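Enquirer: my_file_19.txt is reproduced in full below (compact mmCIF, C-alpha atoms and all ligand atoms).
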# COMPACT_ATOMS: atom_id res chain seq x y z
CA MET A 42 -10.46 -12.61 -26.51
CA SER A 43 -8.76 -15.97 -26.30
CA ASN A 44 -5.25 -17.09 -26.91
CA SER A 45 -3.74 -20.52 -26.36
CA ASP A 46 -0.73 -18.94 -24.56
CA SER A 47 -2.92 -17.22 -22.01
CA LEU A 48 -5.46 -19.75 -20.76
CA GLN A 49 -8.04 -18.07 -18.60
CA GLU A 50 -7.17 -17.65 -14.93
CA ILE A 51 -9.09 -15.86 -12.21
CA VAL A 52 -7.82 -13.65 -9.39
CA CYS A 53 -10.07 -11.83 -6.99
CA CYS A 54 -10.31 -9.14 -4.35
CA MET A 55 -12.03 -10.14 -1.10
CA GLY A 56 -13.09 -7.33 1.19
CA GLN A 57 -14.97 -4.09 0.84
CA PRO A 58 -15.96 -3.41 -2.80
CA VAL A 59 -15.01 0.26 -2.38
CA ALA A 60 -11.35 -0.82 -2.15
CA GLY A 61 -11.58 -3.60 -4.75
CA ASN A 62 -13.34 -1.81 -7.58
CA PRO A 63 -10.58 0.63 -8.71
CA THR A 64 -8.12 -2.26 -8.57
CA GLN A 65 -10.46 -4.48 -10.62
CA PHE A 66 -10.76 -1.79 -13.30
CA MET A 67 -6.97 -1.31 -13.37
CA MET A 68 -6.17 -5.05 -13.44
CA GLU A 69 -8.66 -5.94 -16.17
CA ARG A 70 -7.23 -3.19 -18.39
CA ALA A 71 -3.71 -4.49 -17.71
CA PHE A 72 -4.70 -8.11 -18.55
CA VAL A 73 -6.10 -6.97 -21.92
CA ALA A 74 -2.98 -4.85 -22.64
CA ALA A 75 -0.75 -7.86 -21.84
CA GLY A 76 -2.84 -10.18 -24.07
CA LEU A 77 -3.91 -12.33 -21.12
CA ASP A 78 -7.41 -13.81 -21.03
CA TRP A 79 -7.62 -13.40 -17.25
CA ARG A 80 -10.34 -12.00 -14.99
CA TYR A 81 -10.20 -10.02 -11.73
CA LEU A 82 -13.33 -10.28 -9.59
CA THR A 83 -14.36 -8.11 -6.65
CA LEU A 84 -16.10 -10.30 -4.05
CA GLU A 85 -17.74 -8.92 -0.93
CA VAL A 86 -17.03 -11.47 1.81
CA PRO A 87 -18.23 -10.90 5.39
CA PRO A 88 -15.71 -11.84 8.14
CA GLU A 89 -17.67 -14.94 9.21
CA ASN A 90 -17.42 -16.38 5.68
CA LEU A 91 -13.70 -15.76 5.09
CA GLU A 92 -12.63 -19.36 5.77
CA ALA A 93 -15.34 -20.77 3.48
CA ALA A 94 -14.45 -18.22 0.78
CA LEU A 95 -10.80 -19.31 0.90
CA GLY A 96 -11.96 -22.93 0.54
CA GLY A 97 -13.89 -21.80 -2.53
CA LEU A 98 -10.84 -20.02 -3.92
CA ARG A 99 -8.85 -23.25 -3.57
CA ALA A 100 -11.70 -25.43 -4.90
CA MET A 101 -12.25 -23.26 -7.97
CA GLY A 102 -8.52 -23.01 -8.67
CA PHE A 103 -8.25 -19.21 -8.52
CA LYS A 104 -4.65 -18.11 -9.09
CA GLY A 105 -4.70 -15.73 -6.13
CA GLY A 106 -6.20 -12.53 -4.86
CA ASN A 107 -6.03 -9.29 -2.96
CA PHE A 108 -7.35 -9.10 0.58
CA THR A 109 -8.51 -5.82 1.97
CA ILE A 110 -10.32 -4.45 5.01
CA PRO A 111 -11.47 -6.37 7.13
CA HIS A 112 -9.46 -9.48 6.12
CA LYS A 113 -5.78 -8.44 6.02
CA VAL A 114 -4.94 -9.94 9.44
CA ALA A 115 -7.70 -12.58 9.70
CA VAL A 116 -6.61 -14.31 6.47
CA ILE A 117 -3.18 -15.29 7.87
CA PRO A 118 -4.12 -18.51 9.79
CA HIS A 119 -5.66 -19.89 6.56
CA LEU A 120 -2.47 -19.57 4.48
CA ASP A 121 0.37 -22.06 3.95
CA GLU A 122 3.32 -19.62 3.80
CA LEU A 123 4.10 -15.94 4.36
CA SER A 124 6.74 -13.66 2.83
CA GLU A 125 9.23 -12.04 5.23
CA ALA A 126 7.51 -8.64 4.95
CA ALA A 127 4.01 -10.05 5.49
CA GLU A 128 5.22 -11.99 8.54
CA LEU A 129 6.83 -8.85 10.04
CA MET A 130 3.78 -6.68 9.32
CA GLY A 131 1.31 -9.32 10.51
CA ALA A 132 -0.88 -8.42 7.53
CA VAL A 133 -1.44 -9.84 4.04
CA ASN A 134 -3.02 -7.98 1.12
CA CYS A 135 -2.04 -10.34 -1.71
CA ILE A 136 -1.97 -14.12 -2.01
CA ASN A 137 -0.62 -16.34 -4.72
CA ARG A 138 -1.49 -20.00 -5.27
CA GLU A 139 1.42 -22.23 -6.20
CA ASP A 140 0.13 -25.79 -6.71
CA ASP A 141 -2.07 -26.23 -3.64
CA ASN A 142 -0.20 -23.74 -1.45
CA LEU A 143 -1.52 -20.26 -0.70
CA ILE A 144 1.37 -17.85 -0.12
CA GLY A 145 0.72 -14.51 1.61
CA GLU A 146 2.52 -11.30 0.62
CA ASN A 147 2.07 -7.65 1.47
CA THR A 148 2.45 -5.36 -1.53
CA ASP A 149 1.31 -2.08 0.13
CA GLY A 150 4.77 -1.19 1.43
CA LYS A 151 6.56 -2.56 -1.64
CA GLY A 152 4.31 -0.45 -3.89
CA PHE A 153 5.19 2.62 -1.86
CA VAL A 154 8.94 1.95 -1.98
CA GLN A 155 8.82 1.27 -5.73
CA SER A 156 7.06 4.61 -6.22
CA LEU A 157 9.62 6.34 -3.96
CA ARG A 158 12.55 4.87 -5.90
CA GLU A 159 11.35 6.83 -8.96
CA VAL A 160 12.59 9.98 -7.15
CA THR A 161 15.12 8.85 -4.50
CA ASP A 162 17.02 5.84 -3.12
CA PRO A 163 15.71 5.21 0.43
CA GLU A 164 18.97 3.69 1.72
CA GLY A 165 20.52 5.83 4.49
CA LYS A 166 17.64 8.34 4.55
CA LYS A 167 15.94 9.80 7.62
CA VAL A 168 12.19 9.27 7.32
CA VAL A 169 9.17 10.78 9.08
CA ILE A 170 5.93 8.76 8.89
CA LEU A 171 2.69 10.30 10.08
CA GLY A 172 0.37 7.48 11.19
CA ALA A 173 0.80 4.00 12.67
CA GLY A 174 -2.12 2.08 11.11
CA GLY A 175 -1.96 -0.65 8.46
CA ALA A 176 -0.56 1.54 5.67
CA ALA A 177 2.07 3.15 7.93
CA ARG A 178 3.11 -0.25 9.28
CA ALA A 179 3.52 -1.71 5.76
CA ILE A 180 5.51 1.30 4.54
CA ALA A 181 7.71 1.48 7.65
CA VAL A 182 8.63 -2.23 7.56
CA GLU A 183 9.45 -2.08 3.84
CA LEU A 184 11.54 1.10 4.31
CA GLY A 185 13.37 -0.63 7.19
CA LEU A 186 14.09 -3.62 4.92
CA SER A 187 15.34 -1.08 2.31
CA LYS A 188 17.90 0.12 4.91
CA VAL A 189 16.76 3.64 5.70
CA ALA A 190 18.84 5.18 8.54
CA GLU A 191 16.01 6.15 10.89
CA ILE A 192 12.19 6.22 11.06
CA ILE A 193 10.37 8.77 13.20
CA VAL A 194 6.77 7.64 13.74
CA VAL A 195 4.36 10.50 14.48
CA ASN A 196 0.99 9.24 15.72
CA ARG A 197 -2.02 10.53 17.60
CA SER A 198 -2.55 7.42 19.74
CA ARG A 199 0.55 6.59 21.78
CA GLU A 200 -0.26 2.89 22.08
CA ARG A 201 -0.47 2.23 18.32
CA GLY A 202 2.64 4.35 17.71
CA GLU A 203 4.65 2.47 20.36
CA GLU A 204 3.66 -0.88 18.89
CA LEU A 205 5.06 0.15 15.49
CA VAL A 206 8.25 1.68 16.93
CA ASP A 207 8.91 -1.51 18.96
CA LEU A 208 8.42 -3.65 15.84
CA LEU A 209 10.87 -1.48 13.88
CA ASN A 210 13.54 -1.41 16.61
CA ASP A 211 13.24 -5.02 17.75
CA ARG A 212 12.40 -7.03 14.63
CA VAL A 213 13.23 -4.92 11.56
CA ASN A 214 16.46 -3.58 13.14
CA VAL A 215 15.97 0.01 12.07
CA THR A 216 16.38 2.89 14.56
CA SER A 217 12.97 4.31 15.35
CA LYS A 218 11.33 6.67 17.84
CA LEU A 219 7.80 7.88 18.52
CA VAL A 220 6.57 11.45 18.58
CA GLN A 221 2.99 11.74 19.82
CA LEU A 222 0.92 13.99 17.59
CA THR A 223 -0.50 16.92 19.56
CA GLY A 224 -1.18 20.07 17.53
CA ASP A 225 0.88 20.78 14.40
CA TYR A 226 3.95 18.53 14.06
CA CYS A 227 7.20 20.36 13.25
CA VAL A 228 9.42 18.23 10.95
CA GLU A 229 12.90 17.64 12.45
CA GLU A 230 15.88 19.15 10.69
CA GLY A 231 17.72 16.60 8.58
CA ALA A 232 14.62 14.63 7.58
CA ASP A 233 14.84 13.50 3.93
CA ILE A 234 11.42 11.91 3.39
CA VAL A 235 8.08 12.90 4.98
CA ILE A 236 5.06 10.63 4.48
CA ASN A 237 1.40 11.09 5.33
CA ALA A 238 0.22 7.54 6.06
CA THR A 239 -2.83 8.61 8.09
CA SER A 240 -6.32 8.43 6.62
CA ILE A 241 -6.63 12.25 6.77
CA GLY A 242 -7.64 13.45 3.29
CA LEU A 243 -9.48 10.29 2.23
CA GLY A 244 -12.55 11.48 0.33
CA ASP A 245 -12.01 15.05 1.55
CA ALA A 246 -9.84 17.42 -0.51
CA ASP A 247 -10.11 20.08 2.23
CA ALA A 248 -8.79 17.90 5.07
CA ARG A 249 -5.55 19.20 6.59
CA VAL A 250 -2.83 16.97 8.04
CA PRO A 251 -1.70 18.71 11.29
CA LEU A 252 1.81 19.79 10.28
CA ASP A 253 3.83 22.99 10.58
CA TYR A 254 4.23 23.25 6.80
CA ASP A 255 7.00 25.87 7.14
CA SER A 256 9.20 23.11 8.61
CA LEU A 257 9.27 21.46 5.14
CA THR A 258 12.32 22.37 3.02
CA ALA A 259 12.92 22.06 -0.71
CA GLU A 260 15.31 19.09 -0.49
CA MET A 261 12.68 16.88 1.20
CA VAL A 262 10.61 14.28 -0.66
CA VAL A 263 7.00 14.46 0.53
CA ALA A 264 4.60 11.57 -0.13
CA ASP A 265 0.92 10.95 0.57
CA VAL A 266 -0.85 7.55 0.65
CA ILE A 267 -4.23 9.13 -0.12
CA PHE A 268 -5.26 8.35 -3.70
CA ASN A 269 -8.83 9.65 -3.76
CA PRO A 270 -8.52 12.53 -4.24
CA PRO A 271 -4.78 12.35 -5.06
CA GLN A 272 -4.21 16.11 -4.89
CA THR A 273 -4.27 16.71 -1.13
CA ILE A 274 -3.59 19.85 0.89
CA PHE A 275 -0.54 18.01 2.30
CA LEU A 276 0.97 17.70 -1.20
CA THR A 277 -0.12 21.16 -2.34
CA GLU A 278 1.59 22.78 0.68
CA ALA A 279 4.74 20.70 0.08
CA ALA A 280 4.85 21.59 -3.62
CA ALA A 281 4.51 25.28 -2.69
CA ARG A 282 7.79 24.85 -0.73
CA GLU A 283 9.42 23.20 -3.77
CA CYS A 284 9.56 19.70 -2.24
CA LYS A 285 9.42 16.74 -4.62
CA THR A 286 5.98 15.18 -4.16
CA LEU A 287 4.52 11.69 -4.67
CA ASP A 288 0.80 11.01 -4.66
CA GLY A 289 -1.05 7.90 -3.45
CA LEU A 290 -1.94 6.83 -7.00
CA GLY A 291 1.72 5.92 -7.60
CA MET A 292 1.66 3.58 -4.59
CA LEU A 293 -1.61 1.98 -5.73
CA VAL A 294 -0.37 1.49 -9.30
CA ASN A 295 2.93 0.02 -8.10
CA GLN A 296 1.33 -2.45 -5.70
CA GLY A 297 -0.90 -3.46 -8.62
CA ILE A 298 2.18 -3.96 -10.79
CA ILE A 299 3.78 -6.15 -8.12
CA GLY A 300 0.62 -8.28 -7.67
CA PHE A 301 0.20 -8.65 -11.44
CA LYS A 302 3.79 -9.92 -11.76
CA ILE A 303 3.38 -12.32 -8.79
CA TRP A 304 0.28 -13.95 -10.35
CA THR A 305 1.13 -13.88 -14.05
CA GLY A 306 4.94 -13.74 -14.19
CA VAL A 307 4.52 -10.89 -16.69
CA ASP A 308 5.43 -7.17 -16.28
CA PRO A 309 2.29 -5.12 -16.93
CA ASP A 310 2.13 -1.76 -18.70
CA ALA A 311 2.35 0.82 -15.86
CA ASN A 312 0.93 3.63 -18.03
CA VAL A 313 -2.16 1.60 -18.90
CA MET A 314 -2.70 0.94 -15.19
CA ARG A 315 -2.31 4.57 -14.10
CA GLU A 316 -4.57 5.79 -16.92
CA ALA A 317 -7.21 3.19 -15.98
CA LEU A 318 -7.19 4.38 -12.36
CA GLU A 319 -7.45 8.02 -13.40
CA GLU A 320 -10.38 7.15 -15.67
CA TYR A 321 -12.10 5.16 -12.90
CA LEU A 322 -11.62 7.98 -10.38
CA GLU A 323 -12.71 10.56 -13.02
CA LEU A 324 -9.53 12.64 -12.61
P1 LIG A 401 -5.89 2.73 9.71
O1 LIG A 401 -7.28 3.00 10.15
O2 LIG A 401 -5.23 1.43 10.04
O3 LIG A 401 -4.92 3.90 10.31
C1 LIG A 401 -5.29 5.24 10.24
C2 LIG A 401 -4.15 6.12 10.79
O4 LIG A 401 -4.53 7.50 10.61
C3 LIG A 401 -3.86 5.92 12.28
O5 LIG A 401 -2.50 6.12 12.52
C4 LIG A 401 -4.69 7.07 12.89
O6 LIG A 401 -4.17 7.49 14.14
C5 LIG A 401 -4.49 8.16 11.87
N1 LIG A 401 -5.55 9.17 11.90
C6 LIG A 401 -6.80 9.05 11.39
N2 LIG A 401 -7.49 10.19 11.58
C7 LIG A 401 -6.65 11.04 12.23
C8 LIG A 401 -6.78 12.38 12.71
N3 LIG A 401 -7.90 13.06 12.55
N4 LIG A 401 -5.71 12.96 13.31
C9 LIG A 401 -4.56 12.26 13.47
N5 LIG A 401 -4.37 10.99 13.05
C10 LIG A 401 -5.41 10.39 12.43
O7 LIG A 401 -5.88 3.00 8.15
P2 LIG A 401 -4.83 2.42 7.07
O8 LIG A 401 -3.46 2.60 7.61
O9 LIG A 401 -5.25 1.08 6.61
O10 LIG A 401 -5.07 3.42 5.85
C11 LIG A 401 -4.63 4.77 5.89
C12 LIG A 401 -4.87 5.38 4.54
O11 LIG A 401 -3.98 4.79 3.59
C13 LIG A 401 -6.28 5.18 3.98
O12 LIG A 401 -6.78 6.43 3.56
C14 LIG A 401 -6.10 4.26 2.80
O13 LIG A 401 -7.01 4.56 1.75
C15 LIG A 401 -4.68 4.60 2.37
N6 LIG A 401 -4.03 3.51 1.63
C16 LIG A 401 -3.54 3.81 0.40
C17 LIG A 401 -2.92 2.83 -0.35
C18 LIG A 401 -2.38 3.17 -1.69
O14 LIG A 401 -2.02 2.24 -2.43
N7 LIG A 401 -2.26 4.44 -2.05
C19 LIG A 401 -2.78 1.44 0.16
C20 LIG A 401 -3.30 1.25 1.49
C21 LIG A 401 -3.91 2.27 2.19
P3 LIG A 401 -4.60 6.74 15.52
O15 LIG A 401 -3.72 5.54 15.64
O16 LIG A 401 -4.32 7.78 16.56
O17 LIG A 401 -6.06 6.41 15.41
Would you write the structure of this file as structure tokens?
Expert:
Amino acid sequence: MSNSDSLQEIVCCMGQPVAGNPTQFMMERAFVAAGLDWRYLTLEVPPENLEAALGGLRAMGFKGGNFTIPHKVAVIPHLDELSEAAELMGAVNCINREDDNLIGENTDGKGFVQSLREVTDPEGKKVVILGAGGAARAIAVELGLSKVAEIIVVNRSRERGEELVDLLNDRVNVTSKLVQLTGDYCVEEGADIVINATSIGLGDADARVPLDYDSLTAEMVVADVIFNPPQTIFLTEAAARECKTLDGLGMLVNQGIIGFKIWTGVDPDANVMREALEEYLEL
């Protein structure tokens, strides 16, 4: 397909192909649906070649890209600018080239919040986040910037949990405390939103997040970052208690929508993107 209004551009994903491939499938479908003659490439780049690969991206005039494990932190010194969220998180998963400048953004947390807004406004809400890794950090910072009232971080390792809580209290200016995960976590009364941002459930539909599921109540929104498989025990147990649930596919689609708009300036078709992901994951 070619069209004089949509001269070919290239964006890419650098990192592990396992993370890039579903996104490539989703993006290429969305380019076609939007009438754009663009390409999205998945490129496996080992850590020692990251700097050279970024030189190649600049030299070949790529419009931008996604950066995934293991490059989300290492890419930062090679960029010209960072968004506020990416600077706070200390991690970049999306870059955009404007003239010769590479600008780093983090769309993980924004994708989550956009998905959450489909069911509730985060402002003033009390949030529980299980996990303190990259996904939890991105979501917590973005929820703090969206003016939630409080974030309770529940994490197995105290050190990683404390690092996130300090970032939230000191730099994002949102009240936060740590609960160390030992045994089944009992959700505090008054919590509005409960999020599994651990990697428990990735590639394992039988994996159980350690939670006292009877502490969930029907007015809570319960969200999982796991998108493969998207129907986790965490969400099934929450749905059985009549909570509103959000799966990890929504977050993945929404961060794709945000990246697509950053690169192309065009709003993609969200249904095409979700359907493409479901087809790729054989759901
Ligand atoms: P990290 O490795 O950075 O963090 C993993 C987190 O899970 C840590 O908090 C870790 O705790 C916790 N954890 C892992 N195993 C256990 C366990 N058995 N018991 C208790 N806690 C555990 O991973 P990421 O944050 O980068 O990714 C997390 C998940 O989010 C992945 O599955 C990824 O696929 C998903 N993701 C989904 C996205 C989407 O768009 N839907 C986007 C980005 C990520 P500890 O600190 O104690 O080790």
Enquirer: Residues within 6 Å of ligand LIG 401 (chain A) should be enumerated using only C-alpha atoms and all ligand atoms and returned as a VMD selection string.
Expert: chain A and resid 149 172 to 177 196 to 198 201 238 to 241 243 266 to 268 289 to 290 292 to 293
Enquirer: List as a PyMOL selection string the protein and nucleic acid residues near Asp121 in chain A, meaning an atom at most 12 Å away when all atoms listed in the file are counted, but skip any in the same chain fewer than 3 places from it.
Expert: chain A and resi 95+99+116-118+124+136-146
Enquirer: Restricting the calculation to only C-alpha atoms, which member of A:Ala74, A:Cys227, A:Met130, A:Met55 is positioned closest to Gly97 in chain A?
Expert: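 Closest to Gly97 in chain A of all the choices is A:Met55.
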Enquirer: Name the residues, using the chain letters and numbers of the file, that sit within 9 Å of (1.6, 5.6, -9.2) when counting all atoms listed in the file, and give them as a list of chain:residue names.
Expert: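 Result, sorted by chain then residue number: A:Gly152, A:Phe153, A:Ser156, A:Leu287, A:Asp288, A:Gly289, A:Leu290, A:Gly291, A:Met292, A:Leu293, A:Val294, A:Asn295, A:Gln296, A:Ala311, A:Met314, A:Arg315.
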Enquirer: Which is closest to Val263 in chain A among A:Lys151, A:Leu322, A:Ala248, A:Thr286, if we use only C-alpha atoms?
Expert: A:Thr286
Enquirer: CA of Asp162 in chain A and CA of Asp207 in chain A, how far apart in Å?
Expert: 24.6 Å
Enquirer: For Ile193 in chain A, please output as a PyMOL selection string all residues within 7 Å (counting all atoms listed in the file; exclusion window: fewer than 2 positions along the same chain).
Expert: chain A and resi 168-170+191+195+217-219
Enquirer: Hey, can you check how far CA of Thr161 in chain A sits from CA of Ile298 in chain A?
Expert: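 It comes out at 19.3 Å.
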Enquirer: Can you work out which one of A:Ile299, A:Leu171, A:Ile110, A:Leu324 has the shortest atom-to-atom distance to Met68 in chain A, counting all atoms listed in the file?
Expert: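 Once distances to Met68 in chain A are computed over all atoms listed in the file, the minimum belongs to A:Ile299.
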Enquirer: Which residues are near range 100-107 of chain A? Cut-off 10 Å, only C-alpha atoms, ignore same chain within fewer than 4 positions. Put them as a VMD selection string.
Expert: chain A and resid 50 to 56 61 64 79 to 83 94 to 96 112 to 113 133 to 141 143 to 148 297 300 to 301 303 to 305
Enquirer: Can you write just those residues out, C-alpha atoms, as a PDB file, in the frame of the given file?
Expert:
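So part-v4.pdb came out as:
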ATOM      1  CA  GLU A  50      -7.170 -17.650 -14.930  1.00  0.00           C
ATOM      2  CA  ILE A  51      -9.090 -15.860 -12.210  1.00  0.00           C
ATOM      3  CA  VAL A  52      -7.820 -13.650  -9.390  1.00  0.00           C
ATOM      4  CA  CYS A  53     -10.070 -11.830  -6.990  1.00  0.00           C
ATOM      5  CA  CYS A  54     -10.310  -9.140  -4.350  1.00  0.00           C
ATOM      6  CA  MET A  55     -12.030 -10.140  -1.100  1.00  0.00           C
ATOM      7  CA  GLY A  56     -13.090  -7.330   1.190  1.00  0.00           C
ATOM      8  CA  GLY A  61     -11.580  -3.600  -4.750  1.00  0.00           C
ATOM      9  CA  THR A  64      -8.120  -2.260  -8.570  1.00  0.00           C
ATOM     10  CA  TRP A  79      -7.620 -13.400 -17.250  1.00  0.00           C
ATOM     11  CA  ARG A  80     -10.340 -12.000 -14.990  1.00  0.00           C
ATOM     12  CA  TYR A  81     -10.200 -10.020 -11.730  1.00  0.00           C
ATOM     13  CA  LEU A  82     -13.330 -10.280  -9.590  1.00  0.00           C
ATOM     14  CA  THR A  83     -14.360  -8.110  -6.650  1.00  0.00           C
ATOM     15  CA  ALA A  94     -14.450 -18.220   0.780  1.00  0.00           C
ATOM     16  CA  LEU A  95     -10.800 -19.310   0.900  1.00  0.00           C
ATOM     17  CA  GLY A  96     -11.960 -22.930   0.540  1.00  0.00           C
ATOM     18  CA  HIS A 112      -9.460  -9.480   6.120  1.00  0.00           C
ATOM     19  CA  LYS A 113      -5.780  -8.440   6.020  1.00  0.00           C
ATOM     20  CA  VAL A 133      -1.440  -9.840   4.040  1.00  0.00           C
ATOM     21  CA  ASN A 134      -3.020  -7.980   1.120  1.00  0.00           C
ATOM     22  CA  CYS A 135      -2.040 -10.340  -1.710  1.00  0.00           C
ATOM     23  CA  ILE A 136      -1.970 -14.120  -2.010  1.00  0.00           C
ATOM     24  CA  ASN A 137      -0.620 -16.340  -4.720  1.00  0.00           C
ATOM     25  CA  ARG A 138      -1.490 -20.000  -5.270  1.00  0.00           C
ATOM     26  CA  GLU A 139       1.420 -22.230  -6.200  1.00  0.00           C
ATOM     27  CA  ASP A 140       0.130 -25.790  -6.710  1.00  0.00           C
ATOM     28  CA  ASP A 141      -2.070 -26.230  -3.640  1.00  0.00           C
ATOM     29  CA  LEU A 143      -1.520 -20.260  -0.700  1.00  0.00           C
ATOM     30  CA  ILE A 144       1.370 -17.850  -0.120  1.00  0.00           C
ATOM     31  CA  GLY A 145       0.720 -14.510   1.610  1.00  0.00           C
ATOM     32  CA  GLU A 146       2.520 -11.300   0.620  1.00  0.00           C
ATOM     33  CA  ASN A 147       2.070  -7.650   1.470  1.00  0.00           C
ATOM     34  CA  THR A 148       2.450  -5.360  -1.530  1.00  0.00           C
ATOM     35  CA  GLY A 297      -0.900  -3.460  -8.620  1.00  0.00           C
ATOM     36  CA  GLY A 300       0.620  -8.280  -7.670  1.00  0.00           C
ATOM     37  CA  PHE A 301       0.200  -8.650 -11.440  1.00  0.00           C
ATOM     38  CA  ILE A 303       3.380 -12.320  -8.790  1.00  0.00           C
ATOM     39  CA  TRP A 304       0.280 -13.950 -10.350  1.00  0.00           C
ATOM     40  CA  THR A 305       1.130 -13.880 -14.050  1.00  0.00           C
TER      41      THR A 305
END
Enquirer: Give as number ranges by chain every residue, naming chains and numbers as the document does, that has an atom within 12 Å of (7.9, 16.1, 13.5), counting all atoms listed in the file.
Expert: A: 167-172, 192-196, 218-232, 234-237, 251-257
Enquirer: Figure out the distance between CA of Gly202 in chain A and CA of Glu183 in chain A, please, to one decimal in Å.
Expert: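 Atom-to-atom, CA of Glu183 in chain A to CA of Gly202 in chain A, that is 16.7 Å.
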Enquirer: Using all atoms listed in the file, which residue out of A:Arg178, A:Ala259, A:Glu125, A:Ala264 lies closest to Glu204 in chain A?
Expert: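 Nearest to Glu204 in chain A: A:Arg178.
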Enquirer: Select, from A:Asp265, A:Asp310, A:Asp211, A:Glu323, the residue with the minimum atom-to-atom distance to Leu129 in chain A, counting all atoms listed in the file.
Expert: A:Asp211
